[in-house]
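This is my_file.txt. It holds compact mmCIF, C-alpha atoms.
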```txt
# COMPACT_ATOMS: atom_id res chain seq x y z
CA MET G 23 -204.15 135.08 133.53
CA THR G 24 -205.90 136.28 136.71
CA ASP G 25 -204.81 135.24 140.20
CA SER G 26 -207.90 133.06 140.62
CA ALA G 27 -207.40 131.50 137.20
CA GLU G 28 -203.73 130.80 137.98
CA LYS G 29 -204.74 129.13 141.25
CA LEU G 30 -207.32 126.94 139.54
CA SER G 31 -204.84 126.09 136.78
CA SER G 32 -202.21 125.08 139.34
CA GLN G 33 -204.68 122.93 141.27
CA ALA G 34 -205.86 121.21 138.12
CA THR G 35 -202.33 120.56 136.96
CA GLN G 36 -201.28 119.19 140.34
CA ARG G 37 -204.22 116.77 140.20
CA ALA G 38 -203.15 115.77 136.69
CA ALA G 39 -199.59 115.27 137.90
CA ARG G 40 -200.71 112.93 140.66
CA ALA G 41 -202.84 111.00 138.18
CA PHE G 42 -199.87 110.89 135.82
CA THR G 43 -197.52 109.38 138.35
CA ARG G 44 -200.02 106.62 139.02
CA ARG G 45 -200.94 106.04 135.38
CA THR G 46 -197.95 106.65 133.12
CA LEU G 47 -195.18 105.18 135.26
CA LEU G 48 -197.18 102.02 135.79
CA LYS G 49 -197.05 101.44 132.03
CA GLY G 50 -193.28 101.18 132.29
CA ALA G 51 -193.59 98.65 135.06
CA ALA G 52 -196.12 96.58 133.15
CA ALA G 53 -193.80 96.43 130.15
CA ALA G 54 -190.94 95.15 132.28
CA GLY G 55 -192.95 92.73 134.41
CA ALA G 56 -194.42 93.19 137.85
CA LEU G 57 -192.10 94.23 140.65
CA SER G 58 -192.49 92.39 143.91
CA ALA G 59 -193.31 94.50 146.93
CA ALA G 60 -190.52 95.42 149.28
CA GLY G 61 -190.30 93.70 152.61
CA PRO G 62 -191.67 95.25 155.80
CA PHE G 63 -189.88 98.38 156.90
CA ILE G 64 -189.11 98.75 160.58
CA VAL G 65 -188.90 102.37 161.70
CA ARG G 66 -186.21 102.87 164.30
CA ASN G 67 -184.99 105.87 166.23
CA ALA G 68 -182.94 107.78 163.69
CA ARG G 69 -181.47 110.00 166.41
CA ALA G 70 -179.53 106.97 167.59
CA ALA G 71 -177.55 107.07 164.36
CA SER G 72 -174.10 108.62 164.09
CA GLY G 73 -171.15 108.87 161.75
CA GLU G 74 -171.30 110.37 158.27
CA VAL G 75 -172.59 109.68 154.78
CA LYS G 76 -170.70 110.71 151.65
CA LEU G 77 -173.01 111.96 148.90
CA PHE G 78 -172.08 112.41 145.24
CA ALA G 79 -174.98 114.35 143.72
CA TRP G 80 -175.90 116.56 140.80
CA SER G 81 -174.64 120.14 141.11
CA GLY G 82 -177.26 122.34 142.75
CA TYR G 83 -179.55 119.47 143.77
CA ILE G 84 -178.80 119.21 147.50
CA SER G 85 -179.29 122.50 149.32
CA PRO G 86 -177.72 123.59 152.63
CA GLU G 87 -181.23 123.48 154.10
CA MET G 88 -181.56 119.82 153.13
CA ILE G 89 -178.19 118.97 154.67
CA ALA G 90 -179.09 120.81 157.87
CA ASP G 91 -182.49 119.10 158.13
CA PHE G 92 -180.97 115.66 157.57
CA GLU G 93 -178.25 116.19 160.14
CA LYS G 94 -180.70 117.55 162.70
CA LYS G 95 -183.12 114.66 162.31
CA THR G 96 -180.61 111.80 162.10
CA GLY G 97 -177.46 112.93 163.89
CA ILE G 98 -175.46 111.92 160.80
CA LYS G 99 -173.03 114.30 159.12
CA ALA G 100 -173.58 114.60 155.36
CA VAL G 101 -170.51 115.25 153.20
CA LEU G 102 -171.53 116.51 149.75
CA THR G 103 -169.56 116.40 146.50
CA GLU G 104 -171.16 117.53 143.25
CA TYR G 105 -170.92 116.57 139.56
CA GLY G 106 -172.36 118.09 136.40
CA THR G 107 -173.12 115.18 134.06
CA ASN G 108 -173.89 111.46 134.06
CA ASP G 109 -170.63 110.80 132.26
CA GLU G 110 -168.66 112.73 134.87
CA LEU G 111 -170.25 110.61 137.59
CA LEU G 112 -169.58 107.35 135.77
CA ASN G 113 -165.97 108.22 134.95
CA GLN G 114 -165.22 109.25 138.53
CA LEU G 115 -166.63 106.01 139.92
CA ARG G 116 -164.81 103.91 137.35
CA ALA G 117 -161.56 105.63 138.29
CA SER G 118 -162.08 104.80 141.96
CA GLY G 119 -163.58 101.35 141.43
CA GLY G 120 -166.82 102.43 143.06
CA ALA G 121 -165.11 103.71 146.21
CA GLY G 122 -164.99 107.14 147.83
CA PHE G 123 -168.72 107.77 148.08
CA ASP G 124 -171.72 106.05 149.69
CA VAL G 125 -174.68 107.40 147.71
CA ILE G 126 -174.84 108.55 144.08
CA MET G 127 -177.71 109.94 141.94
CA PRO G 128 -177.64 108.57 138.36
CA THR G 129 -180.55 108.74 135.95
CA VAL G 130 -182.40 105.44 135.88
CA ASP G 131 -181.64 104.73 132.21
CA ARG G 132 -177.90 104.79 132.97
CA VAL G 133 -178.00 102.43 135.98
CA PRO G 134 -177.18 99.39 133.77
CA ASN G 135 -173.82 101.04 133.02
CA TYR G 136 -172.96 101.11 136.75
CA VAL G 137 -174.07 97.52 137.22
CA GLU G 138 -172.05 96.39 134.19
CA TYR G 139 -168.90 97.93 135.67
CA GLU G 140 -169.73 96.61 139.17
CA LEU G 141 -169.80 100.09 140.71
CA VAL G 142 -173.05 99.80 142.70
CA GLN G 143 -174.61 97.18 144.94
CA PRO G 144 -178.16 95.83 145.08
CA LEU G 145 -180.35 97.59 147.61
CA ASP G 146 -181.55 95.70 150.66
CA GLU G 147 -185.21 96.56 150.11
CA SER G 148 -186.10 95.64 153.69
CA LYS G 149 -184.03 98.65 154.79
CA VAL G 150 -185.70 101.16 152.45
CA ASN G 151 -188.97 102.87 153.38
CA PHE G 152 -190.53 102.56 149.95
CA ASP G 153 -193.88 103.34 151.58
CA GLY G 154 -192.67 106.95 151.53
CA CYS G 155 -192.14 106.91 147.75
CA ILE G 156 -194.85 107.29 145.10
CA ASP G 157 -195.85 103.71 144.32
CA SER G 158 -195.81 104.12 140.56
CA ALA G 159 -192.30 105.59 140.66
CA VAL G 160 -191.04 102.49 142.47
CA LYS G 161 -192.80 100.13 140.07
CA GLY G 162 -192.20 102.15 136.92
CA SER G 163 -188.48 102.58 137.56
CA ALA G 164 -188.06 98.80 137.48
CA GLY G 165 -188.52 98.59 133.72
CA MET G 166 -186.52 101.76 133.09
CA GLY G 167 -183.25 100.34 134.46
CA GLY G 168 -183.76 100.41 138.22
CA VAL G 169 -184.09 96.62 138.51
CA ILE G 170 -181.55 94.40 136.75
CA GLY G 171 -181.43 90.63 136.95
CA GLY G 172 -184.23 90.68 139.51
CA LYS G 173 -182.28 92.96 141.86
CA ARG G 174 -183.16 96.58 142.61
CA TYR G 175 -180.28 99.04 142.38
CA LEU G 176 -182.10 102.39 142.41
CA ALA G 177 -184.47 104.13 144.82
CA PRO G 178 -186.23 106.79 142.68
CA SER G 179 -185.83 110.34 143.95
CA ASP G 180 -187.22 112.66 141.29
CA TRP G 181 -188.33 113.10 137.72
CA GLY G 182 -188.12 116.01 135.34
CA THR G 183 -187.90 116.96 131.70
CA GLU G 184 -185.82 118.58 129.00
CA ALA G 185 -187.90 120.74 126.69
CA ILE G 186 -187.95 124.27 125.29
CA ALA G 187 -186.82 127.26 127.34
CA PHE G 188 -187.41 130.62 125.73
CA ASP G 189 -187.37 134.36 126.30
CA ASN G 190 -191.05 135.24 125.97
CA THR G 191 -190.26 138.82 124.95
CA VAL G 192 -188.60 137.44 121.80
CA ALA G 193 -190.07 134.00 121.09
CA LYS G 194 -193.86 133.64 121.21
CA LEU G 195 -194.38 129.91 121.74
CA GLN G 196 -197.73 128.29 122.50
CA TYR G 197 -198.47 124.76 123.66
CA GLY G 198 -199.64 122.53 120.84
CA GLN G 199 -197.66 124.50 118.27
CA ALA G 200 -194.21 124.69 119.87
CA SER G 201 -191.80 122.16 118.36
CA TYR G 202 -188.18 121.09 118.63
CA GLY G 203 -188.00 122.39 115.07
CA ASP G 204 -188.59 125.94 116.35
CA LEU G 205 -185.02 125.98 117.64
CA TRP G 206 -183.72 126.04 114.10
CA LYS G 207 -185.82 128.90 112.72
CA PRO G 208 -183.65 131.52 110.97
CA GLU G 209 -184.74 134.33 113.30
CA TYR G 210 -182.92 132.66 116.20
CA LYS G 211 -179.62 132.15 114.36
CA GLY G 212 -176.73 132.40 116.82
CA GLN G 213 -179.07 132.63 119.80
CA VAL G 214 -179.85 128.96 120.49
CA THR G 215 -178.47 126.86 123.34
CA VAL G 216 -178.58 123.06 123.33
CA ARG G 217 -176.79 120.08 124.84
CA GLY G 218 -174.92 118.00 122.28
CA HIS G 219 -176.37 114.50 122.63
CA SER G 220 -179.90 115.32 123.78
CA SER G 221 -180.42 117.94 121.08
CA LEU G 222 -179.83 115.15 118.56
CA ILE G 223 -182.82 113.33 120.06
CA GLY G 224 -184.89 116.51 119.84
CA ILE G 225 -184.02 116.66 116.14
CA ALA G 226 -184.82 112.94 115.84
CA LEU G 227 -188.32 113.42 117.28
CA TRP G 228 -188.89 116.40 114.97
CA LEU G 229 -187.78 114.36 111.93
CA GLU G 230 -189.86 111.37 113.05
CA SER G 231 -192.98 113.54 113.26
CA GLN G 232 -192.38 114.49 109.62
CA GLY G 233 -191.73 110.93 108.46
CA LYS G 234 -188.09 111.77 107.68
CA LEU G 235 -186.30 109.31 109.99
CA PRO G 236 -185.28 105.83 108.74
CA HIS G 237 -186.48 104.06 111.91
CA PRO G 238 -188.66 104.94 114.91
CA VAL G 239 -186.54 106.80 117.48
CA ARG G 240 -186.96 104.15 120.17
CA GLN G 241 -185.64 101.42 117.88
CA GLN G 242 -182.25 103.12 117.67
CA PHE G 243 -181.73 102.32 121.36
CA THR G 244 -182.01 98.59 120.66
CA GLU G 245 -179.97 97.91 117.49
CA GLU G 246 -176.65 99.37 116.43
CA ALA G 247 -177.50 99.34 112.71
CA LYS G 248 -180.70 101.29 113.29
CA ALA G 249 -178.92 103.67 115.65
CA ARG G 250 -176.33 104.53 113.01
CA ALA G 251 -178.92 104.84 110.23
CA ASN G 252 -180.93 107.29 112.33
CA PHE G 253 -177.92 109.24 113.53
CA ASP G 254 -176.69 109.64 109.95
CA ALA G 255 -179.97 111.40 109.12
CA ILE G 256 -179.94 113.38 112.38
CA ILE G 257 -176.36 114.60 112.11
CA LYS G 258 -177.01 115.94 108.61
CA VAL G 259 -179.75 118.23 109.93
CA ALA G 260 -177.76 119.10 113.05
CA THR G 261 -174.63 120.21 111.18
CA GLU G 262 -176.66 122.20 108.64
CA ASN G 263 -178.19 124.12 111.53
CA LYS G 264 -175.10 124.49 113.71
CA PRO G 265 -174.76 128.22 112.89
CA SER G 266 -177.93 128.68 114.96
CA VAL G 267 -176.14 127.52 118.12
CA GLY G 268 -174.86 130.39 120.22
CA GLN G 269 -173.67 128.12 123.02
CA PHE G 270 -173.59 124.43 123.81
CA TRP G 271 -174.23 123.47 127.42
CA SER G 272 -173.33 120.36 129.36
CA ASN G 273 -174.40 121.26 132.89
CA GLU G 274 -176.85 123.42 134.82
CA ASN G 275 -174.59 126.47 135.16
CA GLU G 276 -173.79 126.55 131.45
CA ALA G 277 -177.45 126.26 130.44
CA GLN G 278 -178.42 129.14 132.70
CA GLY G 279 -175.46 131.24 131.62
CA ALA G 280 -176.47 130.92 127.98
CA PHE G 281 -179.58 132.98 128.72
CA ARG G 282 -178.28 135.06 131.59
CA THR G 283 -175.11 136.44 130.01
CA ASN G 284 -174.45 134.96 126.56
CA GLY G 285 -177.34 136.27 124.50
CA CYS G 286 -179.39 133.13 123.89
CA VAL G 287 -183.15 133.54 123.58
CA ILE G 288 -184.30 129.94 123.03
CA GLY G 289 -182.95 126.50 123.76
CA GLN G 290 -183.50 122.90 124.73
CA THR G 291 -182.79 122.75 128.48
CA TRP G 292 -183.77 121.07 131.70
CA ASP G 293 -186.86 122.32 133.50
CA SER G 294 -184.75 123.29 136.50
CA SER G 295 -182.56 125.57 134.36
CA ALA G 296 -185.56 127.58 133.18
CA ALA G 297 -187.09 127.65 136.66
CA THR G 298 -183.93 129.13 138.19
CA LEU G 299 -183.87 131.89 135.58
CA ARG G 300 -187.55 132.61 136.13
CA LYS G 301 -186.93 132.90 139.88
CA GLU G 302 -184.48 135.67 139.00
CA ASN G 303 -187.37 137.50 137.30
CA LEU G 304 -185.88 136.98 133.86
CA PRO G 305 -188.49 136.59 131.07
CA ILE G 306 -187.69 132.90 130.60
CA ARG G 307 -190.49 130.38 130.19
CA PHE G 308 -190.47 126.61 129.69
CA ILE G 309 -192.88 124.56 127.62
CA ALA G 310 -193.29 120.98 126.40
CA PRO G 311 -193.12 120.73 122.58
CA LYS G 312 -195.77 118.91 120.59
CA GLU G 313 -193.37 115.97 120.00
CA GLY G 314 -193.20 115.43 123.80
CA ALA G 315 -190.82 116.68 126.48
CA LEU G 316 -187.83 114.37 127.11
CA ALA G 317 -188.54 112.86 130.53
CA TRP G 318 -186.03 111.33 132.92
CA MET G 319 -186.02 109.84 136.38
CA GLU G 320 -183.17 109.92 138.86
CA GLY G 321 -182.59 108.11 142.10
CA PHE G 322 -180.25 107.00 144.82
CA CYS G 323 -177.82 104.10 144.37
CA ILE G 324 -175.40 102.78 146.98
CA THR G 325 -171.88 102.30 145.69
CA LYS G 326 -170.05 99.00 145.72
CA GLY G 327 -167.40 100.51 147.99
CA ALA G 328 -169.74 102.28 150.42
CA GLN G 329 -168.10 102.59 153.85
CA ASN G 330 -171.16 104.02 155.61
CA LEU G 331 -173.90 101.59 154.65
CA ALA G 332 -176.35 102.19 157.51
CA GLN G 333 -176.02 105.94 157.05
CA ALA G 334 -176.68 105.59 153.31
CA TYR G 335 -180.03 103.96 154.03
CA GLU G 336 -180.79 106.69 156.57
CA TRP G 337 -180.29 109.29 153.84
CA ILE G 338 -182.72 107.55 151.49
CA ASN G 339 -185.34 107.12 154.19
CA TRP G 340 -185.01 110.72 155.36
CA TYR G 341 -185.64 111.80 151.75
CA TYR G 342 -188.79 109.68 151.61
CA THR G 343 -190.65 112.05 153.92
CA PRO G 344 -193.01 114.78 152.66
CA GLN G 345 -191.00 117.58 154.21
CA ALA G 346 -187.66 116.44 152.78
CA GLY G 347 -189.15 115.87 149.34
CA ALA G 348 -190.63 119.37 149.38
CA LEU G 349 -187.30 120.88 150.45
CA TYR G 350 -185.80 119.24 147.37
CA SER G 351 -188.52 120.35 144.92
CA ASN G 352 -188.74 123.89 146.24
CA HIS G 353 -184.98 124.21 145.88
CA THR G 354 -184.60 122.65 142.41
CA SER G 355 -188.09 122.97 140.85
CA ILE G 356 -187.70 119.28 139.95
CA ASN G 357 -190.51 116.88 140.82
CA THR G 358 -189.87 114.75 143.90
CA THR G 359 -191.05 111.15 144.27
CA SER G 360 -191.66 111.59 148.02
CA LYS G 361 -195.30 110.98 148.94
CA GLY G 362 -197.22 113.95 150.33
CA ALA G 363 -194.64 116.56 149.32
CA GLU G 364 -197.15 118.48 147.20
CA GLN G 365 -198.78 119.94 150.32
CA TYR G 366 -195.51 121.74 151.12
CA LEU G 367 -194.66 123.01 147.62
CA SER G 368 -194.23 126.72 147.03
CA ASP G 369 -196.71 128.69 144.92
CA PHE G 370 -193.90 129.38 142.44
CA ASN G 371 -193.30 125.68 141.79
CA LYS G 372 -196.99 124.93 141.44
CA GLN G 373 -197.35 127.69 138.85
CA PHE G 374 -194.16 126.75 136.99
CA PHE G 375 -195.43 123.18 136.68
CA ALA G 376 -198.82 124.37 135.41
CA ASP G 377 -197.23 126.57 132.75
CA ALA G 378 -194.74 123.94 131.58
CA TYR G 379 -197.19 121.04 131.22
CA PRO G 380 -200.61 122.33 130.14
CA ALA G 381 -203.44 120.27 128.64
CA ASP G 382 -202.22 116.77 127.63
CA ALA G 383 -198.47 117.48 127.96
CA LEU G 384 -198.03 114.92 130.75
CA ASP G 385 -199.56 112.19 128.59
CA LYS G 386 -197.06 112.96 125.81
CA LEU G 387 -193.86 112.79 127.87
CA TRP G 388 -191.10 110.94 126.02
CA TRP G 389 -189.29 108.80 128.60
CA TRP G 390 -185.62 108.10 127.96
CA PRO G 391 -185.10 104.38 127.20
CA ILE G 392 -182.27 102.42 128.82
CA GLN G 393 -178.99 103.56 127.32
CA GLU G 394 -176.62 100.60 127.12
CA ALA G 395 -172.87 101.18 126.96
CA TRP G 396 -172.74 100.44 123.22
CA TYR G 397 -175.43 103.04 122.58
CA VAL G 398 -173.71 105.68 124.71
CA SER G 399 -170.52 105.11 122.70
CA ILE G 400 -172.33 105.66 119.38
CA ARG G 401 -174.27 108.59 120.79
CA ASN G 402 -171.06 110.28 121.94
CA GLU G 403 -169.44 109.65 118.56
CA TYR G 404 -172.17 111.58 116.74
CA GLN G 405 -172.32 114.22 119.46
CA ASP G 406 -168.60 114.87 118.94
CA ARG G 407 -169.19 115.22 115.21
CA PHE G 408 -171.90 117.80 115.89
CA LEU G 409 -169.71 119.76 118.30
CA ALA G 410 -166.76 119.73 115.91
CA ALA G 411 -168.71 120.55 112.74
```
Target format structure tokens, applied to this file:
Amino acid sequence: MTDSAEKLSSQATQRAARAFTRRTLLKGAAAAGALSAAGPFIVRNARAASGEVKLFAWSGYISPEMIADFEKKTGIKAVLTEYGTNDELLNQLRASGGAGFDVIMPTVDRVPNYVEYELVQPLDESKVNFDGCIDSAVKGSAGMGGVIGGKRYLAPSDWGTEAIAFDNTVAKLQYGQASYGDLWKPEYKGQVTVRGHSSLIGIALWLESQGKLPHPVRQQFTEEAKARANFDAIIKVATENKPSVGQFWSNENEAQGAFRTNGCVIGQTWDSSAATLRKENLPIRFIAPKEGALAWMEGFCITKGAQNLAQAYEWINWYYTPQAGALYSNHTSINTTSKGAEQYLSDFNKQFFADAYPADALDKLWWWPIQEAWYVSIRNEYQDRFLAA
């Protein structure tokens, strides 16, 4: 692709992305019922703030540059602790009863778990500058788990996907033909990396596209009997193909290491994992499969035991500025929900986005449904069977 063609492709994809955030996320909101607008937000002098805010965030998400910018603009010290998985976050908070941190970053589909265990508190929407967040992200997140019992618990921060990462000197994948089923081709035996539970959903979508799944994938998130019927079919295929797996991953570092040092050439990973490897000039590419990339949204919740409440809201509102959102996306290559951030994105991130989601890929995103505690328990049961097979 020529430089001019790459530039036009990036511009077209960025326009499509903006249209997507307005169009697709609003469908989620419509399904869940309209979300009332937040109250008026009063901007005050952030420099008058003081104290600290304790952040518990995904590993690698919050950069030193972000911390420095926040502290400079608010006068608040940010204390960062990191975790690698949703389950690690949930278990830590359950152990402390929701204390020890002010702000956490769960995926929206897991927020009901935190509400069920009384680990987070409803947001005071009058204190959040939702005008700085993409409107459709605010509205769409309501039906995805961000609003429960009429109360909002999550301020959306970003969205991204899990799809196919591959070494393009070995695997020649093209959009429209690439499939989750490609992971299990015999030529990649022993060179595949996947995450336990989400790879089972990739297999489920592949089987569903072939008419080989007992129930539609989304129905298994709503009924235990259908979940078990589907997982019985999924686990059969997964265990038959386990010799293909060179390494399982559960966090960002493990997913990157599978390609960087452990000989994997293809896998089902997060977009950010592939982007980091590409930044290192490794021949790793990332593409949405024809069944649809697994899409997720994350956001900020305030814990039940937050000791620095005013500072927690300052963190959220600082993030909802174009510059802060761009700092986040340029660091992680994950898509921010901050309005206006696209004008500050790096050329690398624009091109990565264009390559990952060509043509109608954004329209085919497969958004994770709400995962209730009963479903997570069943999911983990079958994941453990896959890992132990």
Give me, as JSON lines, each residue of stretch 88-202 of chain G that comes within 10 Å of stretch 336-351 of chain G, together with its shortest interatomic pair and the distance in Å at one decimal, counting all atoms listed in the file, with rows ordered by chain and rising residue number.
```
{"residue": "G:Met88", "atom": "CA", "partner": "G:Leu349", "partner_atom": "CA", "distance": 6.4}
{"residue": "G:Ile89", "atom": "CA", "partner": "G:Trp337", "partner_atom": "CA", "distance": 9.9}
{"residue": "G:Asp91", "atom": "CA", "partner": "G:Ala346", "partner_atom": "CA", "distance": 7.9}
{"residue": "G:Phe92", "atom": "CA", "partner": "G:Trp340", "partner_atom": "CA", "distance": 6.8}
{"residue": "G:Glu93", "atom": "CA", "partner": "G:Trp337", "partner_atom": "CA", "distance": 9.6}
{"residue": "G:Lys95", "atom": "CA", "partner": "G:Trp340", "partner_atom": "CA", "distance": 8.2}
{"residue": "G:Thr96", "atom": "CA", "partner": "G:Glu336", "partner_atom": "CA", "distance": 7.5}
{"residue": "G:Ile98", "atom": "CA", "partner": "G:Glu336", "partner_atom": "CA", "distance": 8.6}
{"residue": "G:Ala100", "atom": "CA", "partner": "G:Trp337", "partner_atom": "CA", "distance": 8.7}
{"residue": "G:Val125", "atom": "CA", "partner": "G:Trp337", "partner_atom": "CA", "distance": 8.5}
{"residue": "G:Lys149", "atom": "CA", "partner": "G:Asn339", "partner_atom": "CA", "distance": 8.6}
{"residue": "G:Val150", "atom": "CA", "partner": "G:Asn339", "partner_atom": "CA", "distance": 6.2}
{"residue": "G:Asn151", "atom": "CA", "partner": "G:Asn339", "partner_atom": "CA", "distance": 5.6}
{"residue": "G:Phe152", "atom": "CA", "partner": "G:Tyr342", "partner_atom": "CA", "distance": 7.5}
{"residue": "G:Asp153", "atom": "CA", "partner": "G:Tyr342", "partner_atom": "CA", "distance": 8.1}
{"residue": "G:Gly154", "atom": "CA", "partner": "G:Tyr342", "partner_atom": "CA", "distance": 4.7}
{"residue": "G:Cys155", "atom": "CA", "partner": "G:Tyr342", "partner_atom": "CA", "distance": 5.8}
{"residue": "G:Ile156", "atom": "CA", "partner": "G:Tyr342", "partner_atom": "CA", "distance": 9.2}
{"residue": "G:Ala177", "atom": "CA", "partner": "G:Ile338", "partner_atom": "CA", "distance": 7.7}
{"residue": "G:Pro178", "atom": "CA", "partner": "G:Ile338", "partner_atom": "CA", "distance": 9.5}
{"residue": "G:Ser179", "atom": "CA", "partner": "G:Tyr341", "partner_atom": "CA", "distance": 7.9}
{"residue": "G:Asp180", "atom": "CA", "partner": "G:Ser351", "partner_atom": "CA", "distance": 8.6}
```
*Near stretch 260-269 of chain G, within 7 Å and counting only C-alpha atoms, which residues show up once chain neighbours fewer than 4 positions away are dropped, as a ChimeraX atom specification?*
/G:206,210-215,256,280,286,408,411
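For the choices G:Val239, G:Met166, G:Leu409, G:Ala395, the atom-to-atom distance to G:Glu313 is smallest for G:Val239 when using all atoms listed in the file.
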_Residue among G:Ala251, G:Gln143, G:Gly73, G:Asn108 lying closest to G:Lys234, counting all atoms listed in the file_ =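 Nearest candidate to G:Lys234 out of G:Ala251, G:Gln143, G:Gly73, G:Asn108: G:Ala251.
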(request) Find the residues near G:Ile356: any atom within 10 Å, counting all atoms listed in the file, skip ones fewer than 6 places away on the same chain, and give them as number ranges by chain. (result) G: 83, 179-183, 292-295, 297, 348, 350, 371, 375
Quick one: pull the distance between atom CA of G:Ala317 and atom CA of G:Trp388, Å, one decimal.
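Going from atom CA of G:Ala317 over to atom CA of G:Trp388 covers 5.5 Å.
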When you look at G:Trp390 with a cut-off of 10 Å (counting all atoms listed in the file), what residues show up, excluding the ones that are within fewer than 2 positions of it in the same chain? I need them as a list in words. Thr129, Val130, Asp131, Arg132, Met166, Thr183, Ile223, Arg240, Phe243, Leu316, Ala317, Trp318, Met319, Leu387, Trp388, Ile392 and Gln393 of chain G
Store the residues of this selection in a file with C-alpha atoms, as a short mmCIF file (atom, residue, chain, number, x, y, z; two decimals), keeping the file's coordinate frame.
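See selection09.cif below for the written result:
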```cif
data_model
loop_
_atom_site.label_atom_id
_atom_site.label_comp_id
_atom_site.auth_asym_id
_atom_site.auth_seq_id
_atom_site.Cartn_x
_atom_site.Cartn_y
_atom_site.Cartn_z
CA THR G 129 -180.55 108.74 135.95
CA VAL G 130 -182.40 105.44 135.88
CA ASP G 131 -181.64 104.73 132.21
CA ARG G 132 -177.90 104.79 132.97
CA MET G 166 -186.52 101.76 133.09
CA THR G 183 -187.90 116.96 131.70
CA ILE G 223 -182.82 113.33 120.06
CA ARG G 240 -186.96 104.15 120.17
CA PHE G 243 -181.73 102.32 121.36
CA LEU G 316 -187.83 114.37 127.11
CA ALA G 317 -188.54 112.86 130.53
CA TRP G 318 -186.03 111.33 132.92
CA MET G 319 -186.02 109.84 136.38
CA LEU G 387 -193.86 112.79 127.87
CA TRP G 388 -191.10 110.94 126.02
CA ILE G 392 -182.27 102.42 128.82
CA GLN G 393 -178.99 103.56 127.32
#
```
How far is it from atom CA of G:Asp406 to atom CA of G:Gly218, in Å with one decimal?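 Straight-line distance from atom CA of G:Asp406 to atom CA of G:Gly218 works out to 7.8 Å.
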Can you tell me how far atom CA of G:His219 sits from atom CA of G:Glu245, in Å to one decimal?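 Spanning atom CA of G:His219 to atom CA of G:Glu245 is a straight-line distance of 17.7 Å.
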Practice task
Choose the residue, out of G:Asn330, G:Gly321, G:Gln290, G:Val101, that has the smallest atom-to-atom separation from G:Ala164; count all atoms listed in the file.
Solution key: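 For G:Ala164, the nearest of the candidates is G:Gly321.
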Practice item. Might you pull out every residue within 7 Å of stretch 236-238 of chain G, with all atoms listed in the file counted and same-chain residues fewer than 5 positions away left off, and present them as a list in words? Key: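 The contact residues come out as Glu230, Lys248, Ala251 and Asn252 of chain G.
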Min atom-atom distance to G:Glu394 from the set G:Tyr136, G:Phe188, G:Tyr335, G:Tyr379, counting only C-alpha atoms, belongs to G:Tyr136
Kindly provide, as JSON, the centre and edge lengths (Å, one decimal) of an axis-aligned box around all atoms of stretch 302-309 of chain G given in the file, with 5 Å on each side.
```
{"center_x": -188.7, "center_y": 131.0, "center_z": 133.3, "size_x": 18.4, "size_y": 22.9, "size_z": 21.4}
```
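Between G:Trp228 and the residues G:Arg116, G:Arg250, G:Lys173, G:Lys312, the shortest atom-to-atom distance, using all atoms listed in the file, involves G:Lys312.
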Can you pull out every residue within 12 Å of G:Trp396, counting only C-alpha atoms, but drop anything in the same chain fewer than 4 positions away, and send it as a PyMOL selection string?
chain G and resi 132+134-135+138+242-247+249-250+392+400-403
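Residue nearest G:Ala79 within the list G:Ala255, G:Cys323, G:Ala226, G:Ala200: G:Cys323 [criterion: smallest interatomic distance, all atoms listed in the file].
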Selection as a PyMOL selection string: residues within 12 Å of (-170.4, 101.9, 148.3), counting all atoms listed in the file:
chain G and resi 75-78+115+118-126+136+140-145+175+322-335
